[in-house]
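Quick look at structure_33.tsv (TSV, C-alpha atoms (C1' of nucleotides)):
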chain	number	residue	atom	x	y	z
A	127	MET	CA	-1.90	37.12	-3.31
A	128	LYS	CA	1.86	37.41	-3.55
A	129	LYS	CA	3.46	35.62	-6.47
A	130	GLN	CA	6.42	34.17	-4.62
A	131	ALA	CA	4.63	33.06	-1.49
A	132	LYS	CA	4.16	29.36	-0.89
A	133	GLU	CA	0.58	28.91	-1.92
A	134	HIS	CA	-1.75	26.59	-0.10
A	135	THR	CA	-4.67	26.69	-2.45
A	136	ASP	CA	-6.94	23.68	-2.76
A	137	ASP	CA	-5.56	23.18	-6.19
A	138	SER	CA	-1.88	23.19	-5.30
A	139	CYS	CA	-2.62	20.79	-2.46
A	140	LYS	CA	-4.40	18.39	-4.77
A	141	LYS	CA	-1.45	18.45	-7.15
A	142	ALA	CA	0.95	17.80	-4.29
A	143	ARG	CA	-1.14	14.82	-3.18
A	144	LEU	CA	-1.16	13.54	-6.72
A	145	ALA	CA	2.64	13.69	-6.98
A	146	ILE	CA	3.03	11.92	-3.65
A	147	GLN	CA	0.49	9.32	-4.68
A	148	ASP	CA	2.41	8.74	-7.90
A	149	THR	CA	5.49	7.94	-5.88
A	150	LEU	CA	3.57	5.58	-3.65
A	151	ASP	CA	2.14	3.82	-6.68
A	152	VAL	CA	5.58	3.24	-8.13
A	153	VAL	CA	7.41	2.34	-4.97
A	154	GLY	CA	4.70	1.33	-2.53
A	155	GLY	CA	3.21	-2.08	-1.91
A	156	LYS	CA	4.81	-5.06	-0.35
A	157	TRP	CA	7.55	-5.86	-2.82
A	158	LYS	CA	8.80	-2.97	-4.95
A	159	LEU	CA	11.35	-1.66	-2.50
A	160	VAL	CA	12.40	-5.14	-1.47
A	161	LEU	CA	13.25	-5.91	-5.07
A	162	ILE	CA	15.01	-2.61	-5.61
A	163	SER	CA	16.95	-3.17	-2.46
A	164	ILE	CA	18.10	-6.62	-3.59
A	165	LEU	CA	19.01	-5.39	-7.04
A	166	ARG	CA	21.20	-2.74	-5.46
A	167	ASN	CA	23.61	-5.58	-4.76
A	168	GLY	CA	23.79	-6.34	-8.45
A	169	LYS	CA	22.00	-8.16	-11.25
A	170	ARG	CA	19.78	-11.08	-10.44
A	171	LYS	CA	18.11	-13.77	-12.46
A	172	PHE	CA	14.40	-14.38	-12.17
A	173	ASN	CA	14.71	-17.42	-9.94
A	174	GLU	CA	17.35	-15.79	-7.80
A	175	LEU	CA	15.04	-12.90	-7.12
A	176	SER	CA	12.21	-15.26	-6.37
A	177	ARG	CA	14.30	-17.15	-3.84
A	178	GLU	CA	16.03	-14.18	-2.25
A	179	ALA	CA	12.87	-12.16	-1.82
A	180	GLY	CA	10.68	-15.15	-1.02
A	181	ILE	CA	8.15	-14.10	-3.60
A	182	SER	CA	6.12	-16.34	-5.85
A	183	PRO	CA	6.77	-16.21	-9.59
A	184	ARG	CA	3.37	-14.78	-10.36
A	185	ILE	CA	3.79	-11.71	-8.19
A	186	LEU	CA	7.45	-11.35	-9.04
A	187	SER	CA	6.67	-11.26	-12.72
A	188	LYS	CA	4.01	-8.59	-12.21
A	189	GLU	CA	6.20	-6.44	-9.98
A	190	LEU	CA	9.16	-6.61	-12.35
A	191	GLN	CA	6.98	-5.56	-15.25
A	192	GLU	CA	5.76	-2.55	-13.32
A	193	LEU	CA	9.28	-1.60	-12.30
A	194	GLU	CA	10.36	-1.93	-15.92
A	195	ILE	CA	7.49	0.23	-17.17
A	196	ASN	CA	8.53	2.89	-14.72
A	197	GLY	CA	12.09	2.77	-15.97
A	198	LEU	CA	13.60	1.54	-12.74
A	199	VAL	CA	14.63	-1.93	-13.85
A	200	ARG	CA	16.05	-3.30	-17.07
A	201	ARG	CA	15.30	-6.81	-18.29
A	202	ASN	CA	18.03	-8.56	-20.19
A	203	VAL	CA	17.59	-11.89	-21.94
A	204	CYS	CA	20.85	-13.84	-22.09
A	205	ASN	CA	21.97	-16.33	-24.71
A	206	THR	CA	22.56	-19.17	-22.34
A	207	LYS	CA	21.87	-22.89	-22.60
A	208	PRO	CA	18.48	-22.75	-20.97
A	209	VAL	CA	17.69	-19.08	-21.54
A	210	THR	CA	18.23	-16.89	-18.48
A	211	VAL	CA	16.96	-13.41	-17.82
A	212	GLU	CA	18.87	-10.87	-15.83
A	213	TYR	CA	17.25	-7.98	-14.06
A	214	GLU	CA	19.20	-4.93	-12.99
A	215	LEU	CA	18.57	-1.41	-11.81
A	216	THR	CA	18.73	1.40	-14.35
A	217	THR	CA	20.68	4.61	-13.94
A	218	TYR	CA	17.35	6.36	-13.54
A	219	SER	CA	16.61	4.28	-10.47
A	220	LYS	CA	19.30	6.28	-8.69
A	221	SER	CA	16.91	9.23	-8.72
A	222	LEU	CA	15.03	7.40	-5.99
A	223	SER	CA	17.96	7.54	-3.57
A	224	GLU	CA	16.69	10.59	-1.75
A	225	VAL	CA	13.24	9.09	-1.29
A	226	ILE	CA	14.63	5.78	-0.11
A	227	LEU	CA	17.16	7.38	2.16
A	228	SER	CA	14.64	9.65	3.83
A	229	MET	CA	12.23	6.76	4.31
A	230	HIS	CA	15.02	4.65	5.74
A	231	LYS	CA	16.06	7.36	8.16
A	232	TRP	CA	12.54	8.16	9.26
A	233	GLY	CA	11.67	4.50	9.69
A	234	LEU	CA	14.64	3.97	11.99
A	235	ALA	CA	13.97	7.08	14.03
A	236	HIS	CA	10.29	6.31	14.27
A	237	ARG	CA	10.86	2.81	15.52
A	238	ARG	CA	13.09	4.20	18.25
A	239	LYS	CA	10.47	6.77	19.16
A	240	ILE	CA	7.67	4.24	19.33
A	241	MET	CA	9.81	2.00	21.56
A	242	ARG	CA	10.44	4.87	23.97
A	243	ASP	CA	6.78	5.89	24.30
B	118	MET	CA	35.93	-6.19	6.86
B	119	LYS	CA	36.60	-2.52	7.50
B	120	LYS	CA	34.65	-0.98	10.34
B	121	GLN	CA	33.77	2.30	8.66
B	122	ALA	CA	32.89	0.96	5.25
B	123	LYS	CA	29.27	0.96	4.16
B	124	GLU	CA	28.33	-2.62	4.74
B	125	HIS	CA	26.04	-4.49	2.47
B	126	THR	CA	25.58	-7.63	4.45
B	127	ASP	CA	22.38	-9.59	4.18
B	128	ASP	CA	21.59	-8.51	7.66
B	129	SER	CA	22.06	-4.79	7.18
B	130	CYS	CA	19.95	-4.97	4.06
B	131	LYS	CA	17.15	-6.71	5.88
B	132	LYS	CA	17.21	-4.04	8.55
B	133	ALA	CA	17.12	-1.32	5.92
B	134	ARG	CA	14.13	-2.94	4.30
B	135	LEU	CA	12.44	-3.17	7.63
B	136	ALA	CA	12.91	0.53	8.32
B	137	ILE	CA	11.57	1.44	4.91
B	138	GLN	CA	8.66	-0.89	5.37
B	139	ASP	CA	7.89	0.74	8.70
B	140	THR	CA	7.63	4.07	6.97
B	141	LEU	CA	5.37	2.66	4.30
B	142	ASP	CA	3.15	1.14	6.95
B	143	VAL	CA	2.74	4.45	8.72
B	144	VAL	CA	2.36	6.66	5.72
B	145	GLY	CA	1.33	4.35	2.91
B	146	GLY	CA	-2.09	3.29	1.79
B	147	LYS	CA	-4.77	5.34	0.18
B	148	TRP	CA	-5.58	7.87	2.87
B	149	LYS	CA	-2.79	8.57	5.36
B	150	LEU	CA	-1.00	11.21	3.34
B	151	VAL	CA	-4.25	12.72	2.14
B	152	LEU	CA	-5.30	13.27	5.74
B	153	ILE	CA	-1.91	14.62	6.76
B	154	SER	CA	-1.96	16.93	3.81
B	155	ILE	CA	-5.40	18.28	4.74
B	156	LEU	CA	-4.43	18.70	8.36
B	157	ARG	CA	-1.43	20.74	7.28
B	158	ASN	CA	-3.94	23.50	6.59
B	159	GLY	CA	-5.07	23.39	10.21
B	160	LYS	CA	-7.32	21.53	12.60
B	161	ARG	CA	-10.33	19.72	11.30
B	162	LYS	CA	-13.37	18.13	12.88
B	163	PHE	CA	-14.27	14.56	12.12
B	164	ASN	CA	-17.05	15.41	9.69
B	165	GLU	CA	-14.98	18.07	8.00
B	166	LEU	CA	-12.25	15.53	7.31
B	167	SER	CA	-14.80	13.08	6.07
B	168	ARG	CA	-16.22	15.61	3.63
B	169	GLU	CA	-12.94	17.16	2.50
B	170	ALA	CA	-11.20	13.86	1.89
B	171	GLY	CA	-14.30	12.10	0.58
B	172	ILE	CA	-13.75	9.25	2.99
B	173	SER	CA	-16.38	7.25	4.80
B	174	PRO	CA	-16.58	7.48	8.60
B	175	ARG	CA	-15.54	3.89	9.08
B	176	ILE	CA	-12.26	4.20	7.25
B	177	LEU	CA	-11.66	7.70	8.53
B	178	SER	CA	-11.97	6.53	12.09
B	179	LYS	CA	-9.55	3.69	11.52
B	180	GLU	CA	-6.99	5.85	9.74
B	181	LEU	CA	-7.11	8.54	12.40
B	182	GLN	CA	-6.57	5.98	15.13
B	183	GLU	CA	-3.51	4.67	13.37
B	184	LEU	CA	-2.14	8.16	12.83
B	185	GLU	CA	-2.75	8.88	16.49
B	186	ILE	CA	-1.00	5.69	17.62
B	187	ASN	CA	1.98	6.70	15.55
B	188	GLY	CA	2.06	10.10	17.18
B	189	LEU	CA	1.33	12.05	14.04
B	190	VAL	CA	-2.13	13.31	14.92
B	191	ARG	CA	-3.68	14.54	18.14
B	192	ARG	CA	-7.35	14.03	18.94
B	193	ASN	CA	-9.00	16.72	20.98
B	194	VAL	CA	-12.52	16.46	22.35
B	195	CYS	CA	-14.15	19.88	22.67
B	196	ASN	CA	-16.77	20.98	25.16
B	197	THR	CA	-19.29	22.14	22.63
B	198	LYS	CA	-23.07	21.82	22.51
B	199	PRO	CA	-23.04	18.64	20.48
B	200	VAL	CA	-19.60	17.36	21.30
B	201	THR	CA	-17.06	17.97	18.56
B	202	VAL	CA	-13.66	16.42	18.09
B	203	GLU	CA	-10.76	18.24	16.54
B	204	TYR	CA	-7.87	16.52	14.87
B	205	GLU	CA	-4.56	18.23	14.32
B	206	LEU	CA	-1.01	17.38	13.41
B	207	THR	CA	1.50	16.98	16.20
B	208	THR	CA	4.90	18.60	16.32
B	209	TYR	CA	6.35	15.18	15.74
B	210	SER	CA	4.56	14.98	12.42
B	211	LYS	CA	6.98	17.61	11.13
B	212	SER	CA	9.67	14.94	11.21
B	213	LEU	CA	7.99	13.55	8.12
B	214	SER	CA	8.68	16.68	6.08
B	215	GLU	CA	11.78	15.30	4.44
B	216	VAL	CA	10.02	12.10	3.45
B	217	ILE	CA	7.02	13.93	2.10
B	218	LEU	CA	9.09	16.51	0.29
B	219	SER	CA	11.30	13.95	-1.39
B	220	MET	CA	8.28	11.92	-2.44
B	221	HIS	CA	6.63	15.05	-3.76
B	222	LYS	CA	9.68	16.04	-5.76
B	223	TRP	CA	10.25	12.58	-7.17
B	224	GLY	CA	6.59	12.17	-8.06
B	225	LEU	CA	6.62	15.39	-10.05
B	226	ALA	CA	9.88	14.58	-11.83
B	227	HIS	CA	8.79	11.04	-12.57
B	228	ARG	CA	5.52	12.13	-14.10
B	229	ARG	CA	7.44	14.46	-16.40
B	230	LYS	CA	9.83	11.67	-17.34
B	231	ILE	CA	7.07	9.19	-18.09
B	232	MET	CA	5.33	11.78	-20.28
B	233	ARG	CA	8.52	12.31	-22.29
B	234	ASP	CA	9.23	8.64	-22.93
C	278	DA	C1'	-41.62	13.18	23.30
C	279	DA	C1'	-39.83	14.12	18.64
C	280	DT	C1'	-36.04	16.05	15.94
C	281	DA	C1'	-31.51	17.11	14.94
C	282	DG	C1'	-26.30	17.34	15.15
C	283	DT	C1'	-21.70	15.19	16.07
C	284	DA	C1'	-18.79	11.28	16.31
C	285	DG	C1'	-18.34	7.42	15.79
C	286	DT	C1'	-19.45	1.77	15.32
C	287	DT	C1'	-21.56	-2.48	13.33
C	288	DA	C1'	-22.67	-5.53	9.86
C	289	DC	C1'	-22.37	-6.59	5.41
C	290	DA	C1'	-20.49	-6.31	0.47
C	291	DT	C1'	-17.07	-5.67	-2.85
C	292	DA	C1'	-12.54	-4.87	-4.68
C	293	DA	C1'	-7.62	-5.29	-4.70
C	294	DA	C1'	-3.45	-7.57	-3.30
C	295	DT	C1'	-1.09	-11.53	-2.43
C	296	DG	C1'	-0.28	-16.58	-2.13
C	297	DA	C1'	0.00	-21.64	-3.71
C	298	DT	C1'	0.22	-24.88	-7.08
C	299	DA	C1'	0.42	-26.64	-11.26
C	300	DC	C1'	1.26	-25.90	-15.78
C	301	DT	C1'	3.55	-24.36	-20.52
C	302	DA	C1'	7.40	-23.16	-23.81
C	303	DA	C1'	11.97	-23.54	-25.21
C	304	DC	C1'	16.03	-25.79	-25.23
C	305	DA	C1'	19.83	-29.07	-23.80
C	306	DT	C1'	21.45	-33.43	-22.23
C	307	DG	C1'	21.73	-38.28	-21.40
D	164	DC	C1'	12.48	-40.12	-26.03
D	165	DA	C1'	12.62	-39.00	-21.01
D	166	DT	C1'	14.53	-35.66	-17.92
D	167	DG	C1'	16.02	-31.28	-16.23
D	168	DT	C1'	16.41	-26.22	-16.28
D	169	DT	C1'	14.78	-21.42	-16.69
D	170	DA	C1'	11.24	-18.14	-17.05
D	171	DG	C1'	7.46	-17.35	-16.83
D	172	DT	C1'	1.68	-17.94	-17.10
D	173	DA	C1'	-2.90	-19.86	-15.59
D	174	DT	C1'	-6.05	-21.07	-12.19
D	175	DC	C1'	-7.85	-20.89	-7.96
D	176	DA	C1'	-7.88	-19.65	-2.89
D	177	DT	C1'	-7.13	-16.51	0.69
D	178	DT	C1'	-6.24	-12.23	2.86
D	179	DT	C1'	-6.41	-7.38	3.27
D	180	DA	C1'	-8.27	-2.91	2.01
D	181	DT	C1'	-11.97	-0.21	1.12
D	182	DG	C1'	-16.93	1.02	0.44
D	183	DT	C1'	-22.06	1.47	1.92
D	184	DA	C1'	-25.71	1.86	4.84
D	185	DA	C1'	-27.80	1.68	8.88
D	186	DC	C1'	-27.37	2.19	13.70
D	187	DT	C1'	-25.86	3.93	18.58
D	188	DA	C1'	-24.73	7.38	22.29
D	189	DC	C1'	-24.87	11.80	23.89
D	190	DT	C1'	-26.74	16.21	24.07
D	191	DA	C1'	-29.52	20.22	22.80
D	192	DT	C1'	-33.56	22.19	20.90
D	193	DT	C1'	-38.39	22.50	19.80
For this file, write the structure as structure tokens.
Amino acid sequence: MKKQAKEHTDDSCKKARLAIQDTLDVVGGKWKLVLISILRNGKRKFNELSREAGISPRILSKELQELEINGLVRRNVCNTKPVTVEYELTTYSKSLSEVILSMHKWGLAHRRKIMRD
Amino acid sequence: MKKQAKEHTDDSCKKARLAIQDTLDVVGGKWKLVLISILRNGKRKFNELSREAGISPRILSKELQELEINGLVRRNVCNTKPVTVEYELTTYSKSLSEVILSMHKWGLAHRRKIMRD
DNA sequence: AATAGTAGTTACATAAATGATACTAACATG
DNA sequence: CATGTTAGTATCATTTATGTAACTACTATT
């Protein structure tokens, strides 16, 4: 088989699926992209996120931890009267732009298509 | 507010989230992209898909119906001795390439990053 | 008639995700 | 000391996703 050809071996396909699945794990689910999308408008405190997204503290806390582990969100504890915690997107989170943009575009186009049919 | 500026109103953000969520609905979950990925190598019969993906008939049937509803997969009943049914990707499914490619790329890069850290 | 193959479906069981509510810890204020 | 505020956590309930196994319908073959 030629070296430079796009290979479609079982193995390369499994690896591709794995990479795609990784992305879905990080960014999939009901809330991850909602939170990222809100944080694109700037830092938010825990309760602000909870209100704006309409998400209960339990889930919010879990989601934020996962986003932090994946380097997409930074958690910052502030020295305020009652302590507040700010969450903001990291520089690394910008690497998701292409994914988000393509999903956004496809979602819009698809909705139009489904309406037509 | 300027007409041509990128707007970040609450409303435009909600619509963006909706579009992204649409995409996740169509392509998210445990099996959709696995099936699409297998079908990229050509038509498959129901049992072939079941074996190759390691997915039970019940779920497979459901997933294929959803993919069909969304115009990504075509179901073709063949006039064979015991009736067989072939599933294949539609032309429309190619519109997903950008989404899939960007997810693939990000997934790979992210895995490398997480390893480093 | 009995057996087998293909494509499902049905009924049931379990697992995973999400939700609701109340609670704690820490600190400030009246 | 009682009250309020912020950021969570704990507990329990519900919903949604997925898995397993057996079963049906149709047809062909023996």
**Shell of 10 Å around range 292-297 of chain C, only C-alpha atoms (C1' of nucleotides), local chain residues under 6 positions omitted, as a list in words** = Gly155, Lys156, Ile181, Ser182, Arg184 and Ile185 of chain A; DC175, DA176, DT177, DT178, DT179, DA180, DT181 and DG182 of chain D
**Message:** Set the cut-off to 9 Å and count only C-alpha atoms (C1' of nucleotides): what are the residues of chain D that reach chain A? Output as number ranges by chain.
**Reply:** D: 168-172
Chain A residues near chain B within 6 Å, closest pair each, using all atoms listed in the file, as a tab-separated table:
residue	atom	partner	partner_atom	distance
A:Ala145	CA	B:Gly224	CA	4.4
A:Ile146	CA	B:His221	CA	4.8
A:Asp148	CA	B:Gly224	CA	5.4
A:Thr149	CA	B:Gly224	CA	4.9
A:Val225	CA	B:Ser219	CA	5.2
A:Ser228	CA	B:Val216	CA	5.2
A:Met229	CA	B:Ile137	CA	5.4
A:His230	CA	B:Ile137	CA	4.8
A:Gly233	CA	B:Ala136	CA	4.4
A:Leu234	CA	B:Ala136	CA	5.3
Output the selection as a PDB file, in the coordinates of the input - C-alpha atoms for each residue.
ATOM      1  CA  ALA A 145       2.640  13.690  -6.980  1.00  0.00           C
ATOM      2  CA  ILE A 146       3.030  11.920  -3.650  1.00  0.00           C
ATOM      3  CA  ASP A 148       2.410   8.740  -7.900  1.00  0.00           C
ATOM      4  CA  THR A 149       5.490   7.940  -5.880  1.00  0.00           C
ATOM      5  CA  VAL A 225      13.240   9.090  -1.290  1.00  0.00           C
ATOM      6  CA  SER A 228      14.640   9.650   3.830  1.00  0.00           C
ATOM      7  CA  MET A 229      12.230   6.760   4.310  1.00  0.00           C
ATOM      8  CA  HIS A 230      15.020   4.650   5.740  1.00  0.00           C
ATOM      9  CA  GLY A 233      11.670   4.500   9.690  1.00  0.00           C
ATOM     10  CA  LEU A 234      14.640   3.970  11.990  1.00  0.00           C
TER      11      LEU A 234
END
Which residues of chain C come within 8 Å of chain B, and for each one, what is the closest pair of atoms and their distance in Å to one decimal, counting all atoms listed in the file, sorted by chain and residue number, as CSV?
residue,atom,partner,partner_atom,distance
C:DG282,C1',B:Pro199,CA,6.4
C:DT283,C1',B:Pro199,CA,5.8
C:DA284,C1',B:Phe163,CA,7.0
C:DG285,C1',B:Pro174,CA,7.4
C:DT286,C1',B:Arg175,CA,7.7
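With distances taken over only C-alpha atoms (C1' of nucleotides), D:DT174 is the one residue among D:DT187, D:DT193, D:DT166, D:DT174 lying closest to DC300 in chain C.
Between CA of Asn196 in chain B and C1' of DA278 in chain C there is a distance of 26.1 Å.
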**Request:** Just the residues within 10 Å of DA184 in chain D, please, counting all atoms listed in the file, with nothing from its chain fewer than 2 positions along; format it as a list in words.
**Result:** DA288 and DC289 of chain C; DG182 and DC186 of chain D
